[in-house]
Number of protein chains: 2
Amino acid sequence: MIEEARASDSRNTAKDLADCSCYIVHPECVEAARSAAIEPRLLAALGELFKVFSDATRLRILGALSVGELCVCDIGAVLGMTQSAVSHQLAVLRAAGLVAYRREGKTVYYRLADDHVTTLLKMGKEHASERARGEA
Amino acid sequence: MIEEARASDSRNTAKDLADCSCYIVHPECVEAARSAAIEPRLLAALGELFKVFSDATRLRILGALSVGELCVCDIGAVLGMTQSAVSHQLAVLRAAGLVAYRREGKTVYYRLADDHVTTLLKMGKEHASERARGEA
DNA sequence: TGAACATATGAACAAACGAACATATATAGA
DNA sequence: TCTATATATGTTCGTTTGTTCATATGTTCA
């Protein structure tokens with residue numbers, strides 16, 4: 001459909017649809033892309049999800065938890081970080097639903113919330129390492 | 001292995017390994033998690049990758065491009081954004097290797113770089129929408 | 001070559017973010 | 001209840017990030 005729109009080369013010299021400073025070149029393509037737009041609610045959730053994954057400290061925490069359940073103190077030791085810093089990031093991960101926890105006395109054990117987390121991590125790793133290989 | 005380490009309940013009351021303010025509770029678990037740590041180089045790349053995905057504008061651009069190739073001007077029209085703003089974000093996406101482009105006269109057409117992008121987007125969407133459903 | 005258009009880039013500013021420090025909550029044991 | 005330990009949270013601060021405005025590069029056509 002996009003192809004046909006381009007093929008007909010329907011140029012629209014008016015600026016009717018654009019907040020953009022230039023002319024709309026392919027109105028049909030624009031319309032198609034617009035109607036396929038991600039809903040604002042999902043868009044926000046998606047952004048939040050990836051944002052949580054975008055921090056090195058949080059990635060390291062997730063990586064550590066992928067080996068198995070750990071308490072806050074252990075995580076701090078693994079990363080060589082303050083308990084406070086770890087706890088703050090755990091709060092972020094908790095809010096995003098990426099980790100679950102379980103209290104046992106004074107100790108709180110954290111674990112990955114579900115398989116989605118592992119999968120996203122793995123997929124990201126694959127892409128990142130392929131990229132790195134391609135650039136080198 | 002983690003299980004056994006926990007089962008033996010080997011508490012280490014010394015603070016030898018920890019920059020953390022508290023005692024290391026499960027040294028074996030810590031050691032296991034440490035040896036499974038993501039290499040710094042991959043970690044950085046991974047963080048960068050997800051960071052690029054974490055912005056709503058960039059996600060919308062990627063979403064638009066998932067329908068088909070678009071020129072900068074079209075993208076601006078789809079998002080209702082300035083050409084400058086779009087171009088800046090395209091530069092970020094380009095640097096991350098998430099989009100490819102092709103010049104045709106004055107016009108530059110952008111497209112998704114490879115299937116990894118589509119896959120990551122789809123996976124993120126699935127997780128995000130499942131989460132949203134669970135919270136509602 | 002010069003004007004018009006499409007895109008890219010530089011600089012500046014406000015908003016968002018993570019680290020660090022201090023402090024609060026919660027649980028166990030005496 | 002008082003103390004010690006484990007974790008959580010509030011706040012401040014330096015840095016990063018996205019947008020905007022202005023300008024530069026690059027391409028076509030006359």
# chains A, B, ... in the order shown; residues from 1 in each chain; ligands from 1
call {"tool": "residues_around", "arguments": {"residues": "B:Arg41", "least_positions_apart": "5", "cutoff": "12 Å", "atoms": "only C-alpha atoms (C1' of nucleotides)", "output": "count of residues only"}}
result
10
call {"tool": "residues_around", "arguments": {"residues": "stretch 71-88 of chain B", "least_positions_apart": "2", "cutoff": "9 Å", "atoms": "only C-alpha atoms (C1' of nucleotides)", "output": "ChimeraX atom specification"}}
result
/A:17-27,29-31,33-34,37 /B:57-58,60-61,64-65,69,90-93,101,107-111 /C:6-9 /D:18-20
call {"tool": "write_last_selection", "arguments": {"atoms": "C-alpha atoms (C1' of nucleotides)", "output": "mmCIF file, in the first residue's frame"}}
result
data_model
loop_
_atom_site.group_PDB
_atom_site.id
_atom_site.type_symbol
_atom_site.label_atom_id
_atom_site.label_comp_id
_atom_site.auth_asym_id
_atom_site.auth_seq_id
_atom_site.Cartn_x
_atom_site.Cartn_y
_atom_site.Cartn_z
ATOM 1 C CA LEU A 17 -1.371 18.455 7.570
ATOM 2 C CA ALA A 18 2.124 19.386 8.607
ATOM 3 C CA ASP A 19 3.428 21.125 11.672
ATOM 4 C CA CYS A 20 6.614 20.231 9.889
ATOM 5 C CA SER A 21 8.346 23.114 8.146
ATOM 6 C CA CYS A 22 8.426 21.364 4.789
ATOM 7 C CA TYR A 23 5.790 20.042 2.418
ATOM 8 C CA ILE A 24 4.223 16.656 2.819
ATOM 9 C CA VAL A 25 5.733 14.510 0.139
ATOM 10 C CA HIS A 26 3.671 11.339 0.417
ATOM 11 C CA PRO A 27 0.273 11.908 2.041
ATOM 12 C CA CYS A 29 2.252 7.023 3.455
ATOM 13 C CA VAL A 30 1.702 9.572 6.168
ATOM 14 C CA GLU A 31 -1.883 8.486 6.567
ATOM 15 C CA ALA A 33 1.764 5.432 9.304
ATOM 16 C CA ARG A 34 -0.619 7.556 11.326
ATOM 17 C CA ALA A 37 0.398 4.643 15.407
ATOM 18 C CA THR B 57 9.296 10.322 20.059
ATOM 19 C CA ARG B 58 11.816 7.757 18.882
ATOM 20 C CA ARG B 60 6.791 6.740 17.419
ATOM 21 C CA ILE B 61 9.308 7.177 14.638
ATOM 22 C CA ALA B 64 5.879 4.782 11.756
ATOM 23 C CA LEU B 65 8.816 3.241 9.909
ATOM 24 C CA GLU B 69 9.887 3.646 4.322
ATOM 25 C CA LEU B 90 16.801 10.310 13.469
ATOM 26 C CA ALA B 91 20.450 11.092 14.085
ATOM 27 C CA VAL B 92 20.217 9.254 17.399
ATOM 28 C CA LEU B 93 18.489 6.283 15.779
ATOM 29 C CA TYR B 101 18.497 5.584 4.977
ATOM 30 C CA THR B 107 14.705 13.593 -0.222
ATOM 31 C CA VAL B 108 16.116 11.130 2.308
ATOM 32 C CA TYR B 109 14.108 7.989 2.973
ATOM 33 C CA TYR B 110 14.464 6.217 6.298
ATOM 34 C CA ARG B 111 13.618 2.628 7.096
ATOM 35 C "C1'" DA C 6 14.987 18.977 2.094
ATOM 36 C "C1'" DT C 7 17.717 17.691 5.606
ATOM 37 C "C1'" DA C 8 21.431 18.117 9.075
ATOM 38 C "C1'" DT C 9 23.683 20.326 12.805
ATOM 39 C "C1'" DG D 18 14.750 16.462 24.281
ATOM 40 C "C1'" DT D 19 13.112 20.433 22.227
ATOM 41 C "C1'" DT D 20 13.523 24.939 20.025
#
call {"tool": "interface_residues", "arguments": {"of": "chain C", "to": "chain A", "cutoff": "10 Å", "atoms": "only C-alpha atoms (C1' of nucleotides)", "output": "JSON, numbers by chain"}}
result
{"C": [5, 6, 18, 19, 20, 21, 26, 27, 28]}
call {"tool": "residues_around", "arguments": {"residues": "B:Phe50", "least_positions_apart": "6", "cutoff": "7 Å", "atoms": "only C-alpha atoms (C1' of nucleotides)", "output": "ChimeraX atom specification"}}
result
/A:50-51,53-54
call {"tool": "interface_residues", "arguments": {"of": "chain D", "to": "chain B", "cutoff": "10 Å", "atoms": "only C-alpha atoms (C1' of nucleotides)", "output": "ChimeraX atom specification"}}
result
/D:5-6,17-21,26-28
call {"tool": "atom_distance", "arguments": {"atom1": "atom C1' of D:DT12", "atom2": "atom CA of B:Pro40"}}
result
29.6 Å
call {"tool": "atom_distance", "arguments": {"atom1": "atom CA of B:Asp114", "atom2": "atom CA of B:Glu130"}}
result
25.3 Å
